[in-house]
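Peer 1: Please find final.cif (mmCIF, C-alpha atoms) on the next line:
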data_my_file
loop_
_atom_site.label_atom_id
_atom_site.label_comp_id
_atom_site.auth_asym_id
_atom_site.auth_seq_id
_atom_site.Cartn_x
_atom_site.Cartn_y
_atom_site.Cartn_z
CA MET G 1 30.26 -36.70 13.39
CA LYS G 2 31.00 -33.04 12.75
CA VAL G 3 30.25 -31.70 9.30
CA ASN G 4 30.89 -28.20 8.05
CA VAL G 5 28.56 -26.83 5.40
CA TYR G 6 29.39 -23.78 3.30
CA VAL G 7 26.63 -22.13 1.28
CA THR G 8 27.70 -19.47 -1.21
CA LEU G 9 26.04 -17.53 -4.00
CA LYS G 10 26.50 -18.94 -7.47
CA LYS G 11 28.73 -17.17 -9.93
CA GLY G 12 26.88 -14.35 -11.65
CA VAL G 13 24.38 -13.87 -8.81
CA LEU G 14 24.48 -10.37 -7.40
CA ASP G 15 26.05 -10.23 -3.91
CA PRO G 16 25.37 -6.72 -2.64
CA GLN G 17 26.65 -7.58 0.85
CA GLY G 18 29.96 -8.84 -0.51
CA LYS G 19 30.25 -5.75 -2.68
CA ALA G 20 29.57 -3.39 0.22
CA VAL G 21 32.08 -5.12 2.50
CA ALA G 22 34.73 -5.20 -0.25
CA GLY G 23 34.13 -1.48 -0.75
CA ALA G 24 34.65 -0.88 2.97
CA LEU G 25 37.97 -2.76 2.94
CA VAL G 26 39.20 -0.68 0.01
CA GLU G 27 38.01 2.42 1.83
CA LEU G 28 40.07 1.36 4.86
CA GLY G 29 43.15 1.31 2.67
CA PHE G 30 43.58 -2.43 2.18
CA LYS G 31 45.31 -3.20 -1.08
CA GLY G 32 45.24 -6.34 -3.18
CA LEU G 33 41.59 -7.28 -2.71
CA ARG G 34 40.37 -8.99 -5.88
CA GLY G 35 36.94 -10.05 -4.72
CA LEU G 36 34.85 -10.91 -1.68
CA LYS G 37 31.79 -13.11 -1.42
CA ILE G 38 29.61 -13.51 1.62
CA GLY G 39 28.04 -16.85 2.34
CA LYS G 40 26.77 -18.99 5.18
CA PHE G 41 28.63 -21.44 7.37
CA MET G 42 26.80 -24.19 9.26
CA GLU G 43 28.16 -26.74 11.70
CA LEU G 44 26.27 -30.01 11.77
CA ASP G 45 26.63 -32.75 14.35
CA LEU G 46 25.41 -35.96 12.74
CA ASP G 47 24.71 -39.27 14.41
CA VAL G 48 26.16 -41.53 11.69
CA GLN G 49 28.97 -44.08 11.58
CA THR G 50 31.04 -43.29 8.52
CA ALA G 51 32.34 -40.17 6.82
CA GLN G 52 30.63 -41.35 3.67
CA ASP G 53 27.23 -41.48 5.39
CA ALA G 54 27.85 -38.07 6.93
CA ARG G 55 28.58 -36.56 3.54
CA LYS G 56 25.58 -38.20 1.93
CA LEU G 57 23.20 -37.03 4.65
CA ALA G 58 24.58 -33.49 4.74
CA GLU G 59 24.35 -33.16 0.96
CA GLU G 60 20.76 -34.31 1.05
CA MET G 61 20.02 -31.71 3.75
CA CYS G 62 21.64 -29.05 1.56
CA ARG G 63 19.60 -29.94 -1.50
CA LYS G 64 16.37 -30.09 0.44
CA LEU G 65 16.67 -27.11 2.79
CA LEU G 66 20.05 -25.61 3.63
CA ALA G 67 20.76 -24.18 0.17
CA ASN G 68 18.49 -22.79 -2.53
CA THR G 69 20.15 -24.23 -5.60
CA VAL G 70 18.56 -21.62 -7.86
CA ILE G 71 21.07 -19.10 -6.53
CA GLU G 72 23.38 -20.97 -4.15
CA ASP G 73 26.14 -23.60 -4.28
CA PHE G 74 27.05 -25.70 -1.28
CA ARG G 75 30.18 -27.46 -0.12
CA VAL G 76 30.27 -30.18 2.52
CA GLU G 77 33.36 -30.87 4.62
CA VAL G 78 33.43 -33.88 6.96
CA GLU G 79 35.74 -33.32 9.93
CA GLY G 80 38.30 -35.82 11.09
CA MET Y 1 -17.02 -18.06 -2.76
CA LYS Y 2 -14.64 -18.87 0.07
CA PHE Y 3 -11.16 -17.60 0.79
CA GLY Y 4 -8.72 -19.46 3.05
CA ILE Y 5 -5.95 -17.43 4.64
CA VAL Y 6 -3.01 -19.53 5.79
CA VAL Y 7 -1.46 -18.55 9.11
CA PHE Y 8 2.19 -19.43 9.69
CA PRO Y 9 4.06 -18.62 12.89
CA GLY Y 10 5.17 -15.08 12.08
CA SER Y 11 2.46 -14.18 9.55
CA ASN Y 12 1.36 -10.61 10.19
CA CYS Y 13 -0.83 -9.65 7.23
CA ASP Y 14 -3.28 -12.50 7.73
CA HIS Y 15 -5.89 -10.30 9.44
CA ASP Y 16 -5.69 -7.65 6.72
CA CYS Y 17 -6.27 -10.29 4.04
CA TYR Y 18 -9.15 -11.80 6.01
CA HIS Y 19 -10.69 -8.37 6.44
CA VAL Y 20 -10.59 -7.56 2.74
CA ALA Y 21 -11.82 -11.02 1.73
CA ARG Y 22 -14.63 -11.10 4.29
CA HIS Y 23 -15.71 -7.51 4.86
CA VAL Y 24 -14.62 -5.56 1.80
CA SER Y 25 -15.29 -8.26 -0.80
CA GLY Y 26 -18.26 -9.66 1.16
CA GLN Y 27 -17.22 -13.30 0.74
CA SER Y 28 -16.73 -16.18 3.14
CA ALA Y 29 -13.28 -16.47 4.61
CA GLU Y 30 -11.48 -18.55 7.18
CA TYR Y 31 -8.04 -18.82 8.69
CA VAL Y 32 -6.09 -22.00 7.97
CA TRP Y 33 -3.42 -22.85 10.56
CA HIS Y 34 -0.22 -23.98 8.84
CA ARG Y 35 -0.27 -27.39 10.50
CA THR Y 36 -3.63 -28.17 8.90
CA ALA Y 37 -3.42 -30.97 6.39
CA GLY Y 38 -6.61 -30.31 4.48
CA LEU Y 39 -8.21 -27.46 2.58
CA LYS Y 40 -11.97 -27.98 2.58
CA GLY Y 41 -14.45 -26.01 0.54
CA LEU Y 42 -12.04 -23.26 -0.51
CA ASP Y 43 -11.89 -21.46 -3.84
CA CYS Y 44 -8.85 -19.33 -3.19
CA VAL Y 45 -5.96 -19.77 -0.78
CA ILE Y 46 -3.97 -16.72 0.30
CA LEU Y 47 -0.47 -16.99 1.75
CA PRO Y 48 -0.18 -13.65 3.54
CA GLY Y 49 2.78 -11.43 4.25
CA GLY Y 50 4.85 -11.54 7.39
CA PHE Y 51 8.01 -13.11 8.70
CA SER Y 52 7.24 -16.82 8.84
CA TYR Y 53 9.78 -18.59 11.05
CA GLY Y 54 11.55 -15.28 11.55
CA ASP Y 55 12.93 -15.41 7.99
CA TYR Y 56 15.57 -17.82 9.35
CA LEU Y 57 17.94 -19.39 6.81
CA ARG Y 58 16.13 -17.80 3.85
CA THR Y 59 12.73 -16.12 3.64
CA GLY Y 60 10.05 -18.79 3.26
CA ALA Y 61 12.57 -21.66 3.41
CA ILE Y 62 11.13 -23.28 6.53
CA ALA Y 63 7.47 -22.36 6.04
CA ARG Y 64 7.45 -24.15 2.72
CA PHE Y 65 7.72 -27.45 4.63
CA SER Y 66 4.67 -26.75 6.83
CA PRO Y 67 2.06 -29.52 6.39
CA VAL Y 68 -0.38 -27.12 4.74
CA MET Y 69 2.02 -26.50 1.85
CA ALA Y 70 1.63 -30.03 0.47
CA GLU Y 71 -2.11 -29.31 0.41
CA VAL Y 72 -1.56 -25.95 -1.26
CA GLU Y 73 0.51 -27.68 -3.92
CA ARG Y 74 -2.22 -30.26 -4.55
CA PHE Y 75 -4.86 -27.52 -4.61
CA ALA Y 76 -2.80 -25.53 -7.14
CA LYS Y 77 -2.28 -28.59 -9.32
CA LYS Y 78 -6.05 -29.05 -9.50
CA GLY Y 79 -6.36 -25.47 -10.73
CA GLY Y 80 -7.31 -23.83 -7.42
CA LEU Y 81 -6.52 -20.14 -7.09
CA VAL Y 82 -3.51 -19.38 -4.89
CA VAL Y 83 -2.12 -15.95 -4.06
CA GLY Y 84 1.17 -15.37 -2.23
CA ILE Y 85 1.67 -11.83 -1.04
CA CYS Y 86 5.17 -10.70 -0.01
CA ASN Y 87 6.32 -13.47 2.38
CA GLY Y 88 3.69 -15.65 0.70
CA PHE Y 89 5.40 -15.05 -2.66
CA GLN Y 90 8.73 -16.00 -1.10
CA ILE Y 91 7.21 -19.22 0.27
CA LEU Y 92 5.72 -20.15 -3.13
CA CYS Y 93 9.14 -19.68 -4.75
CA GLU Y 94 10.91 -21.74 -2.09
CA ALA Y 95 8.30 -24.47 -2.57
CA GLY Y 96 8.95 -24.47 -6.31
CA ILE Y 97 5.28 -23.73 -7.01
CA LEU Y 98 6.50 -20.53 -8.67
CA PRO Y 99 9.88 -20.30 -10.42
CA GLY Y 100 12.78 -18.15 -9.20
CA VAL Y 101 13.72 -16.71 -5.84
CA LEU Y 102 13.35 -13.43 -3.92
CA MET Y 103 16.81 -12.25 -2.91
CA ARG Y 104 17.96 -9.50 -0.57
CA ASN Y 105 17.10 -6.04 -1.93
CA ARG Y 106 19.83 -4.50 -4.08
CA ASP Y 107 20.54 -1.79 -1.49
CA LEU Y 108 20.33 -4.22 1.46
CA LYS Y 109 17.63 -2.15 3.13
CA PHE Y 110 14.14 -2.96 4.26
CA ILE Y 111 11.91 -0.82 2.02
CA CYS Y 112 8.58 0.43 3.29
CA ASP Y 113 7.12 2.65 0.59
CA SER Y 114 4.40 3.15 -1.99
CA VAL Y 115 5.50 2.22 -5.47
CA TYR Y 116 3.96 2.05 -8.92
CA VAL Y 117 3.45 -1.17 -10.82
CA ARG Y 118 2.13 -1.68 -14.32
CA VAL Y 119 -0.39 -4.41 -15.07
CA GLU Y 120 1.33 -6.47 -17.76
CA ASN Y 121 -1.33 -9.10 -18.27
CA ALA Y 122 -5.01 -8.51 -17.52
CA LYS Y 123 -6.13 -11.90 -18.81
CA THR Y 124 -5.66 -13.75 -15.53
CA PRO Y 125 -8.07 -14.67 -12.71
CA PHE Y 126 -6.23 -12.10 -10.58
CA THR Y 127 -6.17 -9.09 -12.88
CA SER Y 128 -9.31 -9.25 -15.04
CA SER Y 129 -10.74 -6.17 -13.26
CA TYR Y 130 -7.88 -4.05 -14.56
CA ARG Y 131 -7.09 -2.96 -18.06
CA GLU Y 132 -3.72 -3.93 -19.43
CA GLY Y 133 -1.14 -1.19 -18.96
CA ARG Y 134 -2.97 0.29 -15.97
CA VAL Y 135 -0.59 1.69 -13.38
CA LEU Y 136 -1.38 0.88 -9.75
CA ARG Y 137 0.06 2.52 -6.67
CA LEU Y 138 0.73 -0.21 -4.15
CA PRO Y 139 2.63 -0.40 -0.87
CA ILE Y 140 5.68 -2.59 -0.47
CA ALA Y 141 7.34 -3.58 2.79
CA HIS Y 142 10.17 -6.05 2.41
CA ALA Y 143 13.90 -6.67 2.70
CA ASP Y 144 13.95 -9.57 0.24
CA GLY Y 145 11.99 -8.65 -2.87
CA ASN Y 146 14.71 -8.75 -5.47
CA TYR Y 147 13.33 -11.29 -7.93
CA PHE Y 148 15.91 -13.48 -9.63
CA THR Y 149 15.81 -16.43 -11.97
CA ASP Y 150 17.98 -17.87 -14.74
CA GLY Y 151 17.86 -16.53 -18.30
CA ASP Y 152 15.88 -19.45 -19.74
CA THR Y 153 13.19 -19.20 -17.08
CA LEU Y 154 12.95 -15.43 -17.53
CA LYS Y 155 12.44 -15.88 -21.24
CA ARG Y 156 9.75 -18.48 -20.61
CA LEU Y 157 7.98 -16.15 -18.17
CA GLU Y 158 8.04 -13.38 -20.75
CA ASP Y 159 6.97 -15.56 -23.69
CA ASN Y 160 4.06 -17.07 -21.76
CA GLY Y 161 2.79 -13.77 -20.36
CA GLN Y 162 3.52 -14.93 -16.81
CA ILE Y 163 4.91 -11.59 -15.69
CA ILE Y 164 1.86 -9.87 -14.26
CA PHE Y 165 3.22 -6.75 -12.56
CA ARG Y 166 6.37 -4.71 -13.19
CA TYR Y 167 7.65 -1.78 -11.16
CA SER Y 168 7.20 1.37 -13.25
CA THR Y 169 7.05 5.14 -13.09
CA PRO Y 170 3.64 6.74 -12.42
CA ASP Y 171 3.32 7.02 -16.21
CA GLY Y 172 3.85 3.32 -16.69
CA GLU Y 173 7.42 3.43 -17.91
CA VAL Y 174 9.37 0.38 -16.77
CA SER Y 175 12.79 1.82 -16.00
CA ALA Y 176 15.76 1.20 -13.73
CA GLU Y 177 14.85 4.29 -11.67
CA ALA Y 178 11.42 2.85 -10.95
CA ASN Y 179 12.89 -0.41 -9.68
CA PRO Y 180 12.94 -0.25 -5.86
CA ASN Y 181 14.78 -3.49 -5.07
CA GLY Y 182 16.84 -4.58 -8.07
CA SER Y 183 14.30 -7.14 -9.33
CA LEU Y 184 15.18 -8.78 -12.60
CA GLY Y 185 13.14 -7.11 -15.37
CA ASN Y 186 11.44 -4.93 -12.72
CA ILE Y 187 9.33 -7.97 -11.83
CA ALA Y 188 6.86 -7.32 -8.99
CA GLY Y 189 4.53 -10.28 -9.59
CA ILE Y 190 4.30 -13.46 -11.65
CA VAL Y 191 1.92 -16.37 -12.22
CA ASN Y 192 2.68 -20.04 -12.76
CA ARG Y 193 2.37 -21.65 -16.19
CA GLY Y 194 -1.23 -22.64 -15.51
CA GLY Y 195 -2.10 -19.05 -14.58
CA ASN Y 196 -3.82 -20.02 -11.31
CA VAL Y 197 -1.03 -19.19 -8.84
CA LEU Y 198 0.01 -15.56 -8.33
CA GLY Y 199 2.95 -14.29 -6.31
CA LEU Y 200 3.53 -10.58 -5.78
CA MET Y 201 5.65 -8.45 -3.47
CA PRO Y 202 3.27 -5.43 -3.12
CA HIS Y 203 0.37 -5.55 -0.66
CA PRO Y 204 -3.01 -5.13 -2.42
CA GLU Y 205 -4.85 -5.83 0.85
CA ARG Y 206 -3.51 -2.57 2.30
CA VAL Y 207 -5.07 -0.45 -0.46
CA SER Y 208 -8.53 -1.88 -0.89
CA GLU Y 209 -10.61 0.74 0.92
CA GLU Y 210 -11.19 4.45 0.36
CA VAL Y 211 -10.51 5.16 4.01
CA LEU Y 212 -6.94 3.93 3.51
CA GLY Y 213 -6.36 6.41 0.71
CA SER Y 214 -6.52 4.11 -2.28
CA ILE Y 215 -8.44 1.18 -3.68
CA ASP Y 216 -5.87 0.27 -6.32
CA GLY Y 217 -5.42 -3.19 -4.82
CA ARG Y 218 -9.08 -4.10 -4.60
CA GLY Y 219 -9.18 -5.15 -8.25
CA ILE Y 220 -7.18 -8.25 -7.43
CA PHE Y 221 -9.79 -9.42 -4.93
CA GLU Y 222 -12.63 -8.47 -7.31
CA SER Y 223 -10.98 -10.42 -10.11
CA ILE Y 224 -10.61 -13.48 -7.89
CA VAL Y 225 -14.26 -13.32 -6.80
CA ARG Y 226 -15.38 -13.05 -10.39
CA ALA Y 227 -13.18 -15.96 -11.49
CA ALA Y 228 -14.30 -18.19 -8.62
CA GLN Y 229 -17.97 -17.40 -9.15
CA ALA Y 230 -17.71 -18.09 -12.87
CA ARG Y 231 -16.21 -21.46 -12.03
CA GLY Y 232 -18.92 -22.32 -9.53
CA THR Y 233 -17.62 -25.41 -7.74
CA HIS Y 234 -15.05 -25.71 -4.98
CA LEU Y 235 -11.79 -27.33 -5.95
CA SER Y 236 -10.65 -28.37 -2.51
#
Will you turn the file into structure tokens for me?

Peer 2:
Amino acid sequence: MKVNVYVTLKKGVLDPQGKAVAGALVELGFKGLRGLKIGKFMELDLDVQTAQDARKLAEEMCRKLLANTVIEDFRVEVEG
Amino acid sequence: MKFGIVVFPGSNCDHDCYHVARHVSGQSAEYVWHRTAGLKGLDCVILPGGFSYGDYLRTGAIARFSPVMAEVERFAKKGGLVVGICNGFQILCEAGILPGVLMRNRDLKFICDSVYVRVENAKTPFTSSYREGRVLRLPIAHADGNYFTDGDTLKRLEDNGQIIFRYSTPDGEVSAEANPNGSLGNIAGIVNRGGNVLGLMPHPERVSEEVLGSIDGRGIFESIVRAAQARGTHLS
């Protein structure tokens, strides 16, 4: 089962990469940019039967390794 | 006394630490491969600098699950002395043995430089050779040294005297200009609540001999030797 995992910085945590890229977009003349955050995207392929099991397993993986919850939030999206 | 220097795949300051422990400090020392599940006869464990597991995912995130880390945690809980230098500091934070996290440097660059840090607390097994307020010139070499933690934890660190080194000017002034990487409160090194686990971004092992231009870092090793000898027995 395919699971998409998004790991992003928590609100209030400095994101110098996001800031630099946002600055570059403004520099290029793009208008209307309110904010930009850079995070990580991971595609998991899990050998489980149900979407519920996939979510549970992926969330456990996030808490244990994929995200550092001191500074990061994660979001799990089960495909299909 | 005996030092153990943990070697992860990607450690690259392990030999420097061994050299200072063994040949400069004149103590016993041995390498401990990261898959080892046992720390025998050691008084102090050093997690050296480097790029364990290529810094994949987050610095220290994968190394913290190496078998040896469960042993390091047990050793620390018993009061054993543990030092994490640079990548070692990052691993200790990921493992939750020290609070907080080392984030990407404020300016997104790898910084290789000599910086000044002020000794904030000289009453620890790692800093007793220094006098409080002493300014040390130490090398740093990292891309992720920007210390961050939540407000409550920061306050606890400050109240308990757990902040050991802060980036400062050569005169010991802790200012924004003296902060190389954006670290919260100019933090360069902290200890755990028990005071027996130190994590620091600068590399004391690179400035422990006259021939290298400075011995400002040697005091950390001298302090450890003194603390271990005063204690007498091995903890592992």

Peer 1: Of the candidates Y:Glu73, Y:Gly151, Y:Lys109, Y:Val24, which shows the shortest atom-to-atom distance to Gly219 in chain Y, using all atoms listed in the file?

Peer 2: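 Comparing Y:Glu73, Y:Gly151, Y:Lys109, Y:Val24 against Gly219 in chain Y, the winner is Y:Val24.
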
Peer 1: Record the distance separating CA of Asp43 in chain Y and CA of Ser28 in chain Y, expressed in Å with one decimal.

Peer 2: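 Separation of CA of Asp43 in chain Y and CA of Ser28 in chain Y: 10.0 Å.
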
Peer 1: Which residues, named as in the file, does the PyMOL selection byres ((chain G) within 12 of (chain Y)) pick out? Answer as number ranges by chain.

Peer 2: G: 7, 9-21, 39-42, 62-72

Peer 1: Expressed in Å to a single decimal, how great is the separation between CA of Asn87 in chain Y and CA of Gly60 in chain Y?

Peer 2: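 Value for the CA of Asn87 in chain Y-CA of Gly60 in chain Y distance: 6.6 Å.
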
Peer 1: Counting all atoms listed in the file, find residues at most 12 Å from (3.4, -11.4, -20.3) (file frame) and give them as a ChimeraX atom specification.

Peer 2: /Y:118-124,132-133,154-166,185,187,189-193,195

Peer 1: Only C-alpha atoms, please: the residues just picked out, written as a short mmCIF file (atom, residue, chain, number, x, y, z; two decimals), in the frame of the given file.

Peer 2:
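After the write, result-v3.cif holds the following:
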data_model
loop_
_atom_site.label_atom_id
_atom_site.label_comp_id
_atom_site.auth_asym_id
_atom_site.auth_seq_id
_atom_site.Cartn_x
_atom_site.Cartn_y
_atom_site.Cartn_z
CA ARG Y 118 2.13 -1.68 -14.32
CA VAL Y 119 -0.39 -4.41 -15.07
CA GLU Y 120 1.33 -6.47 -17.76
CA ASN Y 121 -1.33 -9.10 -18.27
CA ALA Y 122 -5.01 -8.51 -17.52
CA LYS Y 123 -6.13 -11.90 -18.81
CA THR Y 124 -5.66 -13.75 -15.53
CA GLU Y 132 -3.72 -3.93 -19.43
CA GLY Y 133 -1.14 -1.19 -18.96
CA LEU Y 154 12.95 -15.43 -17.53
CA LYS Y 155 12.44 -15.88 -21.24
CA ARG Y 156 9.75 -18.48 -20.61
CA LEU Y 157 7.98 -16.15 -18.17
CA GLU Y 158 8.04 -13.38 -20.75
CA ASP Y 159 6.97 -15.56 -23.69
CA ASN Y 160 4.06 -17.07 -21.76
CA GLY Y 161 2.79 -13.77 -20.36
CA GLN Y 162 3.52 -14.93 -16.81
CA ILE Y 163 4.91 -11.59 -15.69
CA ILE Y 164 1.86 -9.87 -14.26
CA PHE Y 165 3.22 -6.75 -12.56
CA ARG Y 166 6.37 -4.71 -13.19
CA GLY Y 185 13.14 -7.11 -15.37
CA ILE Y 187 9.33 -7.97 -11.83
CA GLY Y 189 4.53 -10.28 -9.59
CA ILE Y 190 4.30 -13.46 -11.65
CA VAL Y 191 1.92 -16.37 -12.22
CA ASN Y 192 2.68 -20.04 -12.76
CA ARG Y 193 2.37 -21.65 -16.19
CA GLY Y 195 -2.10 -19.05 -14.58
#

Peer 1: What is the distance between CA of Gly49 in chain Y and CA of Gly88 in chain Y, in Å to one decimal?

Peer 2: 5.6 Å

Peer 1: In terms of the shortest atom-to-atom distance over all atoms listed in the file, which of G:Leu36, G:Glu77, G:Tyr6, G:Ala24 is closest to Arg55 in chain G?

Peer 2: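 Checking each candidate against Arg55 in chain G, we get G:Glu77 as the closest.
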
Peer 1: Using the chain letters and numbers from the file, give me the residues hit by the PyMOL selection byres ((chain Y and resi 42) around 10), as a list of chain:residue names.

Peer 2: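 On the file shown, the PyMOL selection byres ((chain Y and resi 42) around 10) covers Y:Met1, Y:Lys2, Y:Phe3, Y:Gly4, Y:Ile5, Y:Ser28, Y:Ala29, Y:Glu30, Y:Leu39, Y:Lys40, Y:Gly41, Y:Asp43, Y:Cys44, Y:Val45, Y:Phe75, Y:Gly80, Y:Leu81, Y:Ala228, Y:Thr233, Y:His234, Y:Leu235, Y:Ser236.
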
Peer 1: Generate a file of the selected residues that holds C-alpha atoms, formatted as a PDB file, keeping the file's coordinate frame.

Peer 2:
ATOM      1  CA  MET Y   1     -17.020 -18.060  -2.760  1.00  0.00           C
ATOM      2  CA  LYS Y   2     -14.640 -18.870   0.070  1.00  0.00           C
ATOM      3  CA  PHE Y   3     -11.160 -17.600   0.790  1.00  0.00           C
ATOM      4  CA  GLY Y   4      -8.720 -19.460   3.050  1.00  0.00           C
ATOM      5  CA  ILE Y   5      -5.950 -17.430   4.640  1.00  0.00           C
ATOM      6  CA  SER Y  28     -16.730 -16.180   3.140  1.00  0.00           C
ATOM      7  CA  ALA Y  29     -13.280 -16.470   4.610  1.00  0.00           C
ATOM      8  CA  GLU Y  30     -11.480 -18.550   7.180  1.00  0.00           C
ATOM      9  CA  LEU Y  39      -8.210 -27.460   2.580  1.00  0.00           C
ATOM     10  CA  LYS Y  40     -11.970 -27.980   2.580  1.00  0.00           C
ATOM     11  CA  GLY Y  41     -14.450 -26.010   0.540  1.00  0.00           C
ATOM     12  CA  ASP Y  43     -11.890 -21.460  -3.840  1.00  0.00           C
ATOM     13  CA  CYS Y  44      -8.850 -19.330  -3.190  1.00  0.00           C
ATOM     14  CA  VAL Y  45      -5.960 -19.770  -0.780  1.00  0.00           C
ATOM     15  CA  PHE Y  75      -4.860 -27.520  -4.610  1.00  0.00           C
ATOM     16  CA  GLY Y  80      -7.310 -23.830  -7.420  1.00  0.00           C
ATOM     17  CA  LEU Y  81      -6.520 -20.140  -7.090  1.00  0.00           C
ATOM     18  CA  ALA Y 228     -14.300 -18.190  -8.620  1.00  0.00           C
ATOM     19  CA  THR Y 233     -17.620 -25.410  -7.740  1.00  0.00           C
ATOM     20  CA  HIS Y 234     -15.050 -25.710  -4.980  1.00  0.00           C
ATOM     21  CA  LEU Y 235     -11.790 -27.330  -5.950  1.00  0.00           C
ATOM     22  CA  SER Y 236     -10.650 -28.370  -2.510  1.00  0.00           C
TER      23      SER Y 236
END

Peer 1: So which residues fall inside 7 Å of (-3.5, -25.8, -13.9) if we count all atoms listed in the file? Mind giving them as number ranges by chain?

Peer 2: Y: 76-79, 194-196

Peer 1: I need the output of the PyMOL selection byres ((chain Y and resi 223) around 10) for this file as a ChimeraX atom specification; which residues are they?

Peer 2: /Y:122,124-130,218-222,224-229

Peer 1: Would you mind listing what lies within 12 Å of Val48 in chain G as a VMD selection string, with all atoms listed in the file counted and same-chain residues fewer than 2 positions away left out?

Peer 2: chain G and resid 1 to 3 44 to 46 50 to 58 78

Peer 1: Could you give me, as a list in words, the residues within 7 Å of range 7-10 of chain Y, counting all atoms listed in the file and dropping anything in the same chain fewer than 3 positions from it?

Peer 2: Asp14, Tyr31, Val32, Trp33, His34, Gly50, Phe51, Ser52, Tyr53 and Gly54 of chain Y

Peer 1: Could you write out the selected residues, including C-alpha atoms, as an mmCIF file, in the coordinates of the input?

Peer 2:
data_model
loop_
_atom_site.group_PDB
_atom_site.id
_atom_site.type_symbol
_atom_site.label_atom_id
_atom_site.label_comp_id
_atom_site.auth_asym_id
_atom_site.auth_seq_id
_atom_site.Cartn_x
_atom_site.Cartn_y
_atom_site.Cartn_z
ATOM 1 C CA ASP Y 14 -3.280 -12.500 7.730
ATOM 2 C CA TYR Y 31 -8.040 -18.820 8.690
ATOM 3 C CA VAL Y 32 -6.090 -22.000 7.970
ATOM 4 C CA TRP Y 33 -3.420 -22.850 10.560
ATOM 5 C CA HIS Y 34 -0.220 -23.980 8.840
ATOM 6 C CA GLY Y 50 4.850 -11.540 7.390
ATOM 7 C CA PHE Y 51 8.010 -13.110 8.700
ATOM 8 C CA SER Y 52 7.240 -16.820 8.840
ATOM 9 C CA TYR Y 53 9.780 -18.590 11.050
ATOM 10 C CA GLY Y 54 11.550 -15.280 11.550
#

Peer 1: For Ile38 in chain G, which residue out of G:Thr8, G:Leu25, G:Gly80, G:Phe74 is the nearest one, using all atoms listed in the file?

Peer 2: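 Checking each of G:Thr8, G:Leu25, G:Gly80, G:Phe74 against Ile38 in chain G, counting all atoms listed in the file, the winner is G:Thr8.
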